[in-house]
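Have a look at structure-v6.tsv; it's TSV, C-alpha atoms:
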```
chain	number	residue	atom	x	y	z
W	1	MET	CA	8.70	-86.13	-13.35
W	2	ASN	CA	9.90	-82.52	-13.63
W	3	VAL	CA	13.01	-81.63	-15.57
W	4	ILE	CA	14.89	-78.60	-14.34
W	5	LEU	CA	17.73	-76.74	-16.01
W	6	LYS	CA	19.86	-74.62	-13.74
W	7	ARG	CA	23.46	-73.60	-13.22
W	8	ILE	CA	25.70	-76.52	-12.32
W	9	GLN	CA	27.02	-76.44	-8.77
W	10	ILE	CA	30.41	-77.52	-7.44
W	11	GLU	CA	28.51	-80.20	-5.47
W	12	ASP	CA	27.74	-81.85	-8.83
W	13	ALA	CA	31.44	-82.42	-9.55
W	14	PRO	CA	31.41	-86.12	-8.52
W	15	LYS	CA	28.88	-86.93	-11.25
W	16	ILE	CA	30.78	-84.81	-13.78
W	17	ALA	CA	33.94	-86.78	-12.94
W	18	VAL	CA	32.15	-90.08	-13.56
W	19	TRP	CA	30.62	-88.95	-16.87
W	20	LYS	CA	33.84	-87.45	-18.22
W	21	SER	CA	35.58	-90.74	-17.42
W	22	ASP	CA	32.95	-92.79	-19.26
W	23	ALA	CA	34.51	-93.96	-22.54
W	24	ASP	CA	31.19	-94.98	-24.11
W	25	LEU	CA	29.59	-91.64	-23.31
W	26	SER	CA	32.60	-89.82	-24.76
W	27	LYS	CA	32.11	-91.61	-28.09
W	28	LEU	CA	28.43	-90.74	-28.08
W	29	ILE	CA	29.00	-87.03	-27.59
W	30	LEU	CA	32.08	-86.77	-29.82
W	31	SER	CA	34.29	-85.84	-26.92
W	32	LYS	CA	37.82	-87.01	-26.27
W	33	HIS	CA	37.78	-89.64	-23.55
W	34	SER	CA	39.54	-88.09	-20.60
W	35	PRO	CA	39.50	-89.94	-17.24
W	36	THR	CA	38.83	-87.20	-14.73
W	37	SER	CA	39.44	-87.05	-10.99
W	38	LEU	CA	37.10	-85.30	-8.57
W	39	ALA	CA	39.58	-82.46	-8.15
W	40	GLU	CA	39.82	-82.04	-11.93
W	41	ALA	CA	36.02	-82.09	-12.22
W	42	ARG	CA	35.75	-79.32	-9.61
W	43	VAL	CA	38.22	-77.23	-11.63
W	44	TRP	CA	36.22	-77.95	-14.79
W	45	VAL	CA	32.93	-76.87	-13.21
W	46	LYS	CA	34.46	-73.66	-11.82
W	47	LYS	CA	36.24	-72.72	-15.04
W	48	ASN	CA	33.28	-73.39	-17.33
W	49	SER	CA	30.76	-71.78	-14.98
W	50	GLU	CA	32.83	-68.59	-15.01
W	51	ASP	CA	33.31	-68.57	-18.79
W	52	GLN	CA	31.47	-65.45	-20.00
W	53	ASN	CA	30.92	-67.02	-23.42
W	54	GLN	CA	29.18	-70.09	-22.10
W	55	SER	CA	25.96	-71.01	-20.34
W	56	LEU	CA	26.64	-74.23	-18.45
W	57	LEU	CA	23.51	-75.86	-17.09
W	58	GLY	CA	22.85	-79.06	-15.24
W	59	ILE	CA	19.88	-81.23	-16.19
W	60	TYR	CA	18.09	-82.20	-12.99
W	61	ILE	CA	15.07	-84.36	-12.40
W	62	ASP	CA	12.79	-83.64	-9.52
W	63	GLY	CA	11.53	-86.95	-8.16
W	64	GLU	CA	11.90	-88.19	-4.61
W	65	LYS	CA	14.99	-86.04	-4.53
W	66	THR	CA	16.51	-83.65	-7.01
W	67	GLU	CA	19.19	-85.45	-8.98
W	68	ILE	CA	21.54	-84.26	-11.73
W	69	ILE	CA	21.32	-86.54	-14.76
W	70	GLY	CA	23.20	-84.61	-17.43
W	71	VAL	CA	24.57	-81.37	-18.82
W	72	SER	CA	23.27	-78.83	-21.32
W	73	ARG	CA	25.55	-76.12	-22.69
W	74	LEU	CA	25.48	-73.11	-24.93
W	75	MET	CA	29.12	-72.62	-25.89
W	76	PHE	CA	31.26	-70.09	-27.76
W	77	ILE	CA	28.47	-67.54	-27.36
W	78	ASP	CA	29.06	-64.69	-29.83
W	79	TYR	CA	27.23	-61.73	-28.36
W	80	GLU	CA	27.91	-59.64	-31.47
W	81	SER	CA	26.50	-62.14	-33.95
W	82	LEU	CA	24.05	-63.56	-31.36
W	83	VAL	CA	24.98	-67.14	-32.14
W	84	ALA	CA	25.97	-70.07	-29.91
W	85	GLU	CA	26.80	-73.74	-30.23
W	86	PHE	CA	24.62	-76.20	-28.34
W	87	GLY	CA	25.59	-79.49	-26.82
W	88	PHE	CA	24.04	-81.78	-24.24
W	89	TYR	CA	24.20	-85.24	-22.83
W	90	ILE	CA	22.26	-87.41	-20.43
W	91	GLY	CA	25.10	-88.78	-18.34
W	92	GLU	CA	23.05	-91.28	-16.39
W	93	ALA	CA	22.45	-94.17	-18.79
W	94	LYS	CA	19.21	-95.25	-17.07
W	95	TRP	CA	17.60	-91.91	-18.00
W	96	ARG	CA	18.46	-92.06	-21.71
W	97	GLY	CA	15.70	-92.89	-24.19
W	98	LYS	CA	13.02	-91.57	-21.84
W	99	GLY	CA	12.10	-88.45	-23.76
W	100	PHE	CA	14.17	-86.06	-21.64
W	101	GLY	CA	16.18	-84.97	-24.68
W	102	LYS	CA	13.24	-83.20	-26.28
W	103	ARG	CA	12.34	-81.39	-23.08
W	104	VAL	CA	15.94	-80.35	-22.44
W	105	LEU	CA	16.30	-79.10	-25.98
W	106	ARG	CA	13.10	-77.02	-25.80
W	107	MET	CA	14.13	-75.53	-22.45
W	108	THR	CA	17.62	-74.72	-23.65
W	109	LEU	CA	16.36	-73.07	-26.82
W	110	ASP	CA	13.96	-71.04	-24.70
W	111	HIS	CA	16.93	-69.96	-22.55
W	112	ALA	CA	18.98	-69.13	-25.66
W	113	PHE	CA	16.34	-67.07	-27.44
W	114	ASN	CA	14.45	-65.51	-24.56
W	115	ASP	CA	17.00	-65.14	-21.77
W	116	LEU	CA	20.20	-64.63	-23.75
W	117	LYS	CA	18.42	-62.99	-26.73
W	118	LEU	CA	20.37	-65.06	-29.24
W	119	ARG	CA	19.36	-65.27	-32.87
W	120	LYS	CA	20.76	-68.63	-33.92
W	121	VAL	CA	21.78	-71.85	-32.23
W	122	PHE	CA	23.80	-74.49	-34.03
W	123	LEU	CA	25.17	-77.91	-33.17
W	124	ARG	CA	27.37	-80.63	-34.60
W	125	VAL	CA	26.37	-84.28	-34.49
W	126	ALA	CA	27.80	-87.50	-35.89
W	127	HIS	CA	26.02	-88.44	-39.12
W	128	SER	CA	25.57	-91.97	-37.74
W	129	ASN	CA	23.58	-90.69	-34.76
W	130	HIS	CA	20.22	-90.98	-36.51
W	131	ASN	CA	18.16	-90.75	-33.32
W	132	ALA	CA	19.74	-87.45	-32.35
W	133	ILE	CA	19.39	-86.02	-35.86
W	134	LYS	CA	15.72	-86.98	-35.90
W	135	LEU	CA	15.20	-85.35	-32.50
W	136	TYR	CA	16.81	-82.14	-33.70
W	137	GLU	CA	14.86	-82.10	-36.97
W	138	ASN	CA	11.59	-82.65	-35.12
W	139	LEU	CA	12.32	-79.55	-33.11
W	140	GLY	CA	13.05	-77.40	-36.15
W	141	PHE	CA	16.79	-77.73	-36.71
W	142	VAL	CA	17.88	-77.88	-40.36
W	143	GLN	CA	21.08	-79.31	-41.79
W	144	GLU	CA	23.59	-76.73	-43.02
W	145	GLY	CA	26.30	-79.10	-44.12
W	146	ILE	CA	28.03	-82.44	-43.77
W	147	LEU	CA	31.76	-82.51	-43.08
W	148	GLU	CA	32.87	-85.78	-44.61
W	149	GLN	CA	35.37	-88.04	-42.88
W	150	HIS	CA	35.81	-85.45	-40.16
W	151	LEU	CA	35.91	-87.83	-37.18
W	152	LYS	CA	38.30	-90.72	-36.60
W	153	THR	CA	36.60	-93.97	-35.60
W	154	GLU	CA	37.82	-97.47	-34.88
W	155	SER	CA	36.90	-98.52	-38.42
W	156	GLY	CA	37.97	-95.42	-40.35
W	157	PHE	CA	36.48	-91.95	-40.56
W	158	ALA	CA	32.93	-90.70	-39.98
W	159	ASP	CA	30.95	-87.69	-41.11
W	160	LEU	CA	29.91	-84.74	-38.96
W	161	VAL	CA	26.68	-82.82	-39.54
W	162	TYR	CA	26.11	-79.12	-38.88
W	163	MET	CA	22.54	-78.25	-37.91
W	164	SER	CA	20.99	-74.98	-36.82
W	165	ILE	CA	17.82	-73.21	-35.79
W	166	PHE	CA	16.90	-69.55	-35.84
W	167	ASP	CA	14.72	-67.75	-33.35
W	168	LYS	CA	11.38	-67.38	-35.05
W	169	LYS	CA	10.70	-63.95	-33.51
R	1	MET	CA	64.90	-63.30	-31.13
R	2	THR	CA	65.22	-66.12	-33.65
R	3	PHE	CA	62.67	-68.90	-33.97
R	4	PRO	CA	63.65	-72.48	-34.85
R	5	ALA	CA	63.86	-73.43	-38.51
R	6	GLU	CA	61.78	-76.58	-38.06
R	7	TYR	CA	58.65	-77.83	-36.37
R	8	LYS	CA	59.14	-80.93	-34.22
R	9	CYS	CA	55.77	-82.34	-35.35
R	10	LEU	CA	56.67	-82.36	-39.06
R	11	GLU	CA	58.82	-84.65	-41.19
R	12	LYS	CA	59.93	-81.57	-43.11
R	13	SER	CA	59.28	-77.87	-42.58
R	14	GLU	CA	59.87	-76.28	-45.98
R	15	PHE	CA	57.63	-76.52	-49.03
R	16	TYR	CA	58.40	-75.15	-52.49
R	17	GLN	CA	56.66	-74.41	-55.77
R	18	ALA	CA	58.59	-72.44	-58.42
R	19	GLU	CA	59.66	-69.17	-56.76
R	20	PHE	CA	57.22	-69.62	-53.84
R	21	LYS	CA	58.04	-71.12	-50.44
R	22	LEU	CA	56.37	-71.92	-47.17
R	23	THR	CA	58.88	-71.91	-44.31
R	24	PRO	CA	58.34	-71.70	-40.53
R	25	ILE	CA	57.24	-68.30	-39.32
R	26	GLN	CA	59.90	-66.07	-37.75
R	27	TYR	CA	59.74	-63.56	-34.92
R	28	SER	CA	60.79	-60.86	-37.34
R	29	ASP	CA	57.53	-61.38	-39.31
R	30	ARG	CA	55.31	-60.30	-36.45
R	31	ILE	CA	54.92	-56.59	-37.17
R	32	ALA	CA	54.08	-57.02	-40.84
R	33	ILE	CA	51.53	-59.68	-39.87
R	34	MET	CA	50.06	-57.42	-37.19
R	35	ASN	CA	49.57	-54.64	-39.73
R	36	TRP	CA	47.97	-56.95	-42.31
R	37	ARG	CA	45.58	-58.37	-39.70
R	38	ASN	CA	44.55	-54.93	-38.52
R	39	GLU	CA	44.01	-53.78	-42.11
R	40	GLN	CA	41.90	-56.83	-42.99
R	41	LEU	CA	39.98	-57.18	-39.75
R	42	LYS	CA	36.62	-57.81	-41.36
R	43	TYR	CA	37.79	-61.14	-42.83
R	44	LEU	CA	39.14	-62.46	-39.53
R	45	ARG	CA	37.84	-63.87	-36.25
R	46	GLN	CA	39.73	-61.15	-34.46
R	47	GLY	CA	37.55	-58.86	-32.43
R	48	THR	CA	39.93	-55.99	-31.78
R	49	ILE	CA	42.94	-54.16	-33.17
R	50	LEU	CA	46.27	-55.79	-32.31
R	51	THR	CA	48.92	-53.70	-30.59
R	52	THR	CA	52.66	-54.23	-30.76
R	53	ASP	CA	52.68	-55.38	-27.12
R	54	ILE	CA	49.95	-57.96	-27.68
R	55	GLN	CA	51.64	-59.23	-30.85
R	56	ASN	CA	55.08	-59.43	-29.25
R	57	ARG	CA	53.68	-61.37	-26.32
R	58	TYR	CA	51.67	-63.68	-28.59
R	59	PHE	CA	54.70	-64.55	-30.67
R	60	ARG	CA	57.00	-65.08	-27.68
R	61	GLU	CA	54.54	-67.07	-25.57
R	62	VAL	CA	52.25	-68.89	-28.01
R	63	VAL	CA	53.82	-69.10	-31.46
R	64	LEU	CA	57.30	-70.03	-30.21
R	65	ARG	CA	55.98	-72.84	-28.02
R	66	ASN	CA	54.43	-74.63	-31.02
R	67	PHE	CA	57.82	-75.35	-32.53
R	68	GLY	CA	58.84	-77.78	-29.80
R	69	GLU	CA	55.53	-79.57	-29.25
R	70	ILE	CA	54.78	-83.02	-30.64
R	71	SER	CA	51.10	-82.15	-31.08
R	72	PRO	CA	50.80	-78.36	-31.27
R	73	LYS	CA	47.43	-76.66	-31.68
R	74	GLN	CA	48.79	-74.63	-34.60
R	75	ILE	CA	51.79	-74.34	-36.90
R	76	LEU	CA	52.35	-71.09	-38.75
R	77	PHE	CA	54.42	-70.37	-41.84
R	78	ARG	CA	55.73	-67.42	-43.80
R	79	PHE	CA	54.66	-67.39	-47.45
R	80	VAL	CA	57.47	-65.95	-49.57
R	81	ARG	CA	58.08	-65.21	-53.23
R	82	ASN	CA	61.71	-64.96	-54.26
R	83	ASP	CA	62.52	-64.70	-50.55
R	84	ARG	CA	60.19	-61.73	-50.04
R	85	LEU	CA	57.44	-62.12	-47.43
R	86	ILE	CA	54.06	-61.82	-49.15
R	87	GLY	CA	51.75	-63.49	-46.65
R	88	TYR	CA	51.46	-66.03	-43.90
R	89	GLY	CA	49.29	-68.88	-42.76
R	90	GLY	CA	49.36	-72.49	-41.74
R	91	LEU	CA	47.31	-75.04	-39.86
R	92	VAL	CA	45.31	-74.03	-36.80
R	93	HIS	CA	42.85	-75.78	-34.44
R	94	ILE	CA	44.80	-78.93	-35.26
R	95	ASP	CA	42.82	-81.95	-34.08
R	96	TRP	CA	45.41	-84.70	-33.79
R	97	ASP	CA	42.78	-87.20	-32.57
R	98	ASN	CA	40.63	-86.76	-35.67
R	99	PHE	CA	43.52	-85.99	-38.04
R	100	ASN	CA	42.16	-82.70	-39.32
R	101	ALA	CA	43.05	-79.01	-39.18
R	102	GLU	CA	41.75	-75.62	-40.26
R	103	ILE	CA	43.81	-73.61	-42.71
R	104	SER	CA	44.75	-70.05	-41.93
R	105	PHE	CA	45.79	-67.71	-44.77
R	106	LEU	CA	46.42	-63.99	-45.08
R	107	LEU	CA	48.19	-62.04	-47.81
R	108	ASP	CA	49.98	-58.71	-47.64
R	109	THR	CA	47.13	-56.17	-47.94
R	110	LEU	CA	48.79	-54.62	-51.01
R	111	LEU	CA	48.52	-57.98	-52.83
R	112	ASN	CA	44.85	-58.50	-52.11
R	113	GLN	CA	43.31	-57.31	-55.37
R	114	GLU	CA	41.22	-59.99	-56.98
R	115	ASP	CA	43.60	-61.31	-59.66
R	116	GLU	CA	46.64	-61.41	-57.39
R	117	HIS	CA	44.69	-62.90	-54.52
R	118	VAL	CA	43.46	-65.72	-56.76
R	119	LEU	CA	46.91	-66.38	-58.23
R	120	LEU	CA	48.82	-66.32	-54.95
R	121	GLY	CA	46.05	-68.04	-53.03
R	122	THR	CA	45.96	-70.91	-55.52
R	123	ILE	CA	49.66	-71.51	-54.95
R	124	PHE	CA	49.35	-71.22	-51.17
R	125	PHE	CA	46.51	-73.72	-50.92
R	126	SER	CA	48.48	-76.15	-53.05
R	127	LEU	CA	51.52	-75.83	-50.77
R	128	ILE	CA	49.35	-76.26	-47.69
R	129	GLN	CA	48.32	-79.70	-48.93
R	130	ASP	CA	51.97	-80.75	-48.97
R	131	LEU	CA	52.32	-79.39	-45.46
R	132	ALA	CA	49.27	-81.29	-44.24
R	133	LYS	CA	50.64	-84.50	-45.76
R	134	SER	CA	53.89	-83.94	-43.89
R	135	ALA	CA	51.85	-83.63	-40.69
R	136	LYS	CA	50.13	-86.93	-41.59
R	137	LEU	CA	46.69	-85.38	-41.45
R	138	HIS	CA	43.65	-86.84	-43.18
R	139	LYS	CA	41.71	-83.66	-43.91
R	140	ILE	CA	42.11	-79.88	-44.07
R	141	TYR	CA	39.40	-77.25	-44.25
R	142	THR	CA	38.78	-73.53	-44.32
R	143	TYR	CA	36.23	-71.48	-42.44
R	144	GLY	CA	35.58	-68.29	-44.39
R	145	TYR	CA	33.13	-65.42	-44.34
R	146	ASP	CA	31.06	-65.17	-47.51
R	147	LEU	CA	32.14	-61.63	-48.33
R	148	ASP	CA	33.96	-61.69	-51.67
R	149	ALA	CA	33.37	-64.57	-54.07
R	150	TYR	CA	36.89	-64.39	-55.54
R	151	ARG	CA	38.42	-65.31	-52.19
R	152	PHE	CA	37.06	-68.83	-52.63
R	153	ALA	CA	38.48	-69.26	-56.15
R	154	PRO	CA	41.88	-70.57	-54.89
R	155	LEU	CA	40.02	-73.33	-53.06
R	156	ILE	CA	37.95	-74.24	-56.08
R	157	ASN	CA	41.11	-74.20	-58.22
R	158	ASN	CA	42.63	-76.74	-55.84
R	159	LYS	CA	39.48	-78.91	-55.89
R	160	TYR	CA	38.38	-78.27	-52.33
R	161	LYS	CA	34.73	-79.13	-51.75
R	162	LEU	CA	32.10	-76.83	-50.25
R	163	GLU	CA	30.78	-78.90	-47.35
R	164	ALA	CA	28.77	-76.42	-45.31
R	165	LEU	CA	27.07	-73.08	-45.69
R	166	LEU	CA	26.19	-71.64	-42.28
R	167	ALA	CA	23.51	-69.07	-43.04
R	168	GLN	CA	23.61	-65.61	-41.40
R	169	HIS	CA	26.24	-66.90	-39.01
R	170	VAL	CA	28.35	-63.84	-38.29
R	171	LYS	CA	27.71	-60.11	-38.05
R	172	ILE	CA	30.09	-57.97	-40.08
R	173	GLU	CA	29.57	-54.25	-40.53
R	174	GLN	CA	25.94	-54.51	-39.34
R	175	GLU	CA	25.05	-57.30	-41.75
R	176	TYR	CA	24.60	-61.03	-41.05
R	177	ILE	CA	26.94	-62.96	-43.33
R	178	ALA	CA	27.18	-66.68	-44.10
R	179	VAL	CA	30.19	-68.82	-43.32
R	180	LYS	CA	31.46	-71.29	-45.91
R	181	ILE	CA	33.43	-74.39	-44.98
R	182	TYR	CA	35.53	-75.83	-47.80
R	183	SER	CA	37.44	-79.05	-47.24
R	184	LYS	CA	39.82	-81.47	-48.82
R	185	ILE	CA	40.66	-85.04	-47.92
R	186	ILE	CA	44.44	-85.42	-48.25
```
Could you render the structure from this file as structure tokens?
Amino acid sequence: MNVILKRIQIEDAPKIAVWKSDADLSKLILSKHSPTSLAEARVWVKKNSEDQNQSLLGIYIDGEKTEIIGVSRLMFIDYESLVAEFGFYIGEAKWRGKGFGKRVLRMTLDHAFNDLKLRKVFLRVAHSNHNAIKLYENLGFVQEGILEQHLKTESGFADLVYMSIFDKK
Amino acid sequence: MTFPAEYKCLEKSEFYQAEFKLTPIQYSDRIAIMNWRNEQLKYLRQGTILTTDIQNRYFREVVLRNFGEISPKQILFRFVRNDRLIGYGGLVHIDWDNFNAEISFLLDTLLNQEDEHVLLGTIFFSLIQDLAKSAKLHKIYTYGYDLDAYRFAPLINNKYKLEALLAQHVKIEQEYIAVKIYSKII
């Protein structure tokens, strides 16, 4: 099954609304849970698509029909320092754990280094998310620090890890 | 224009240590702050020179609003010695959901020589802890460019911990510089 990364369209807003309203997904991606209406999702897509310091991409799979299954973003792009923060999620639960993460990551890094000519990509991930950390390390990310007790959880506070990768060119 | 004397989000808005005080920023501080920021641009995440118009608008529209909010994104203070303004700073990027905030700090350019910076900075970062406690935060941190080692001495003096070193993270004067994140659990 082909994975495609391309600019998110307004037509994808219904899925965005569902994912942003998903409390479990919000915890997974360290985002504040924010129930979102379709109208709000449309505004979100428009605003973030037009943000000059962001590359907002939809993750699509090309099976019987092309379907959006998640979002991949390069955020806070610093065109002077050539650095951006990366974040992604597979919004459709049935497509998680299927190896799409690695492909999305490779494609996004290719976009960052070859299309946008960035030098460094970094990300932040919960220390408890061992699967994600392993995925990132397997693709060449290294840890640059651990911010202790940086995230509030139901049982206390959790640590946040900074990881990064440089363009090898 | 006069700003309020208190922030709604804090139990108290004044913090003292000997002849030093942190009190809520005032509109009248804006020009001095603008000049210091423009003179010390290389240490700041500020891309361009500030003008009087931009600074006036920022204070009237952004800074003033923070006083009345229950969960403002930032709270700024004047740092005074014997009632003379010597710097400013406060808590920015306040994350009320995760109970943490970044510390902002800038001294009068004339007081920025190494020994004075370390002395005054050590007092400021001690007062900021009291402020963060008043805001009921769990953690405070700084995000600083690795340009001059002495600028981190006030943090070390106050037992902040170096938690991250982001290598070659920012371009300053044609060189790629690291960013250091120091933190303290309150």
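The gap separating CA of Asn129 (chain W) from CA of Leu30 (chain W) is 10.6 Å, in Å to one decimal.
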Query raised in the report: Rounded to one decimal in Å, what is the spacing between CA of Ala149 (chain R) and CA of Ala18 (chain R)?
Result: 26.8 Å
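Reported to one decimal place, the separation of CA of Glu144 (chain W) from CA of Leu57 (chain W) is 25.9 Å.
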Report summary line: Closest of R:Cys9, R:Ile186, R:Ile177, R:Val170 to chain W, counting only C-alpha atoms, is R:Val170
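Every protein or nucleic acid residue with an atom no more than 6 Å from Leu160 (chain W), counting all atoms listed in the file and leaving out same-chain residues fewer than 4 positions away, appears here: Val125, Ala126, His127, Ile146 and Leu147 of chain W.
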Can I get the selection written as an mmCIF file, in the frame of the given file, with C-alpha atoms?
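Okay, this is what ended up in part.cif:
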```
data_model
loop_
_atom_site.group_PDB
_atom_site.id
_atom_site.type_symbol
_atom_site.label_atom_id
_atom_site.label_comp_id
_atom_site.auth_asym_id
_atom_site.auth_seq_id
_atom_site.Cartn_x
_atom_site.Cartn_y
_atom_site.Cartn_z
ATOM 1 C CA VAL W 125 26.370 -84.280 -34.490
ATOM 2 C CA ALA W 126 27.800 -87.500 -35.890
ATOM 3 C CA HIS W 127 26.020 -88.440 -39.120
ATOM 4 C CA ILE W 146 28.030 -82.440 -43.770
ATOM 5 C CA LEU W 147 31.760 -82.510 -43.080
#
```
Near region 85-104 of chain W, 10 Å: region 8-54 of chain W residue rows, closest pairs, all atoms listed in the file, as JSON lines:
```
{"residue": "W:Lys15", "atom": "CA", "partner": "W:Gly91", "partner_atom": "CA", "distance": 8.2}
{"residue": "W:Ile16", "atom": "CA", "partner": "W:Gly91", "partner_atom": "CA", "distance": 8.3}
{"residue": "W:Val18", "atom": "CA", "partner": "W:Gly91", "partner_atom": "CA", "distance": 8.6}
{"residue": "W:Trp19", "atom": "CA", "partner": "W:Gly91", "partner_atom": "CA", "distance": 5.7}
{"residue": "W:Lys20", "atom": "CA", "partner": "W:Gly91", "partner_atom": "CA", "distance": 8.8}
{"residue": "W:Asp22", "atom": "CA", "partner": "W:Gly91", "partner_atom": "CA", "distance": 8.9}
{"residue": "W:Leu25", "atom": "CA", "partner": "W:Gly91", "partner_atom": "CA", "distance": 7.3}
{"residue": "W:Ser26", "atom": "CA", "partner": "W:Tyr89", "partner_atom": "CA", "distance": 9.8}
{"residue": "W:Leu28", "atom": "CA", "partner": "W:Tyr89", "partner_atom": "CA", "distance": 8.7}
{"residue": "W:Ile29", "atom": "CA", "partner": "W:Tyr89", "partner_atom": "CA", "distance": 7.0}
{"residue": "W:Gln54", "atom": "CA", "partner": "W:Glu85", "partner_atom": "CA", "distance": 9.2}
```
Report as a PDB file with C-alpha atoms, in the coordinates of the input the set of chain W residues whose atoms approach chain R to within 9 Å, with distances computed over all atoms listed in the file.
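Generated file (iface09.pdb):
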```
ATOM      1  CA  LYS W  32      37.820 -87.010 -26.270  1.00  0.00           C
ATOM      2  CA  ASP W  78      29.060 -64.690 -29.830  1.00  0.00           C
ATOM      3  CA  GLU W  80      27.910 -59.640 -31.470  1.00  0.00           C
ATOM      4  CA  SER W  81      26.500 -62.140 -33.950  1.00  0.00           C
ATOM      5  CA  LEU W  82      24.050 -63.560 -31.360  1.00  0.00           C
ATOM      6  CA  VAL W  83      24.980 -67.140 -32.140  1.00  0.00           C
ATOM      7  CA  LYS W 120      20.760 -68.630 -33.920  1.00  0.00           C
ATOM      8  CA  GLN W 143      21.080 -79.310 -41.790  1.00  0.00           C
ATOM      9  CA  GLU W 144      23.590 -76.730 -43.020  1.00  0.00           C
ATOM     10  CA  GLY W 145      26.300 -79.100 -44.120  1.00  0.00           C
ATOM     11  CA  ILE W 146      28.030 -82.440 -43.770  1.00  0.00           C
ATOM     12  CA  LEU W 147      31.760 -82.510 -43.080  1.00  0.00           C
ATOM     13  CA  GLU W 148      32.870 -85.780 -44.610  1.00  0.00           C
ATOM     14  CA  GLN W 149      35.370 -88.040 -42.880  1.00  0.00           C
ATOM     15  CA  HIS W 150      35.810 -85.450 -40.160  1.00  0.00           C
ATOM     16  CA  LEU W 151      35.910 -87.830 -37.180  1.00  0.00           C
ATOM     17  CA  LYS W 152      38.300 -90.720 -36.600  1.00  0.00           C
ATOM     18  CA  THR W 153      36.600 -93.970 -35.600  1.00  0.00           C
ATOM     19  CA  PHE W 157      36.480 -91.950 -40.560  1.00  0.00           C
ATOM     20  CA  VAL W 161      26.680 -82.820 -39.540  1.00  0.00           C
ATOM     21  CA  TYR W 162      26.110 -79.120 -38.880  1.00  0.00           C
ATOM     22  CA  MET W 163      22.540 -78.250 -37.910  1.00  0.00           C
ATOM     23  CA  SER W 164      20.990 -74.980 -36.820  1.00  0.00           C
TER      24      SER W 164
END
```
Test item: residues at most 12 Å from Lys47 (chain W), only C-alpha atoms, excluding those fewer than 6 positions along its chain, as a PDB file with C-alpha atoms, in the frame of the given file:
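Dumped to result_15.pdb:
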```pdb
ATOM      1  CA  ILE W   8      25.700 -76.520 -12.320  1.00  0.00           C
ATOM      2  CA  GLN W   9      27.020 -76.440  -8.770  1.00  0.00           C
ATOM      3  CA  ILE W  10      30.410 -77.520  -7.440  1.00  0.00           C
ATOM      4  CA  GLU W  40      39.820 -82.040 -11.930  1.00  0.00           C
ATOM      5  CA  ALA W  41      36.020 -82.090 -12.220  1.00  0.00           C
ATOM      6  CA  ASN W  53      30.920 -67.020 -23.420  1.00  0.00           C
ATOM      7  CA  GLN W  54      29.180 -70.090 -22.100  1.00  0.00           C
ATOM      8  CA  SER W  55      25.960 -71.010 -20.340  1.00  0.00           C
ATOM      9  CA  LEU W  56      26.640 -74.230 -18.450  1.00  0.00           C
TER      10      LEU W  56
END
```
As an mmCIF file, in the frame of the given file, could you write out region 71-79 of chain W once it has been completed with N, CA, C and O atoms?
```
data_model
loop_
_atom_site.group_PDB
_atom_site.id
_atom_site.type_symbol
_atom_site.label_atom_id
_atom_site.label_comp_id
_atom_site.auth_asym_id
_atom_site.auth_seq_id
_atom_site.Cartn_x
_atom_site.Cartn_y
_atom_site.Cartn_z
ATOM 1 N N VAL W 71 24.070 -82.733 -18.642
ATOM 2 C CA VAL W 71 24.570 -81.370 -18.820
ATOM 3 C C VAL W 71 24.042 -80.801 -20.130
ATOM 4 O O VAL W 71 23.967 -81.510 -21.134
ATOM 5 N N SER W 72 23.672 -79.531 -20.101
ATOM 6 C CA SER W 72 23.270 -78.830 -21.320
ATOM 7 C C SER W 72 24.075 -77.537 -21.414
ATOM 8 O O SER W 72 24.165 -76.808 -20.430
ATOM 9 N N ARG W 73 24.677 -77.276 -22.570
ATOM 10 C CA ARG W 73 25.550 -76.120 -22.690
ATOM 11 C C ARG W 73 25.287 -75.308 -23.939
ATOM 12 O O ARG W 73 25.039 -75.860 -25.003
ATOM 13 N N LEU W 74 25.372 -74.018 -23.787
ATOM 14 C CA LEU W 74 25.480 -73.110 -24.930
ATOM 15 C C LEU W 74 26.901 -72.579 -24.867
ATOM 16 O O LEU W 74 27.300 -71.960 -23.880
ATOM 17 N N MET W 75 27.678 -72.885 -25.930
ATOM 18 C CA MET W 75 29.120 -72.620 -25.890
ATOM 19 C C MET W 75 29.519 -71.609 -26.964
ATOM 20 O O MET W 75 28.780 -71.428 -27.940
ATOM 21 N N PHE W 76 30.693 -71.029 -26.785
ATOM 22 C CA PHE W 76 31.260 -70.090 -27.760
ATOM 23 C C PHE W 76 30.223 -69.013 -28.123
ATOM 24 O O PHE W 76 30.048 -68.678 -29.294
ATOM 25 N N ILE W 77 29.531 -68.520 -27.119
ATOM 26 C CA ILE W 77 28.470 -67.540 -27.360
ATOM 27 C C ILE W 77 29.091 -66.278 -27.970
ATOM 28 O O ILE W 77 30.012 -65.687 -27.398
ATOM 29 N N ASP W 78 28.605 -65.900 -29.138
ATOM 30 C CA ASP W 78 29.060 -64.690 -29.830
ATOM 31 C C ASP W 78 27.984 -63.643 -29.612
ATOM 32 O O ASP W 78 26.942 -63.694 -30.265
ATOM 33 N N TYR W 79 28.250 -62.709 -28.723
ATOM 34 C CA TYR W 79 27.230 -61.730 -28.360
ATOM 35 C C TYR W 79 27.068 -60.637 -29.414
ATOM 36 O O TYR W 79 26.118 -59.870 -29.372
#
```
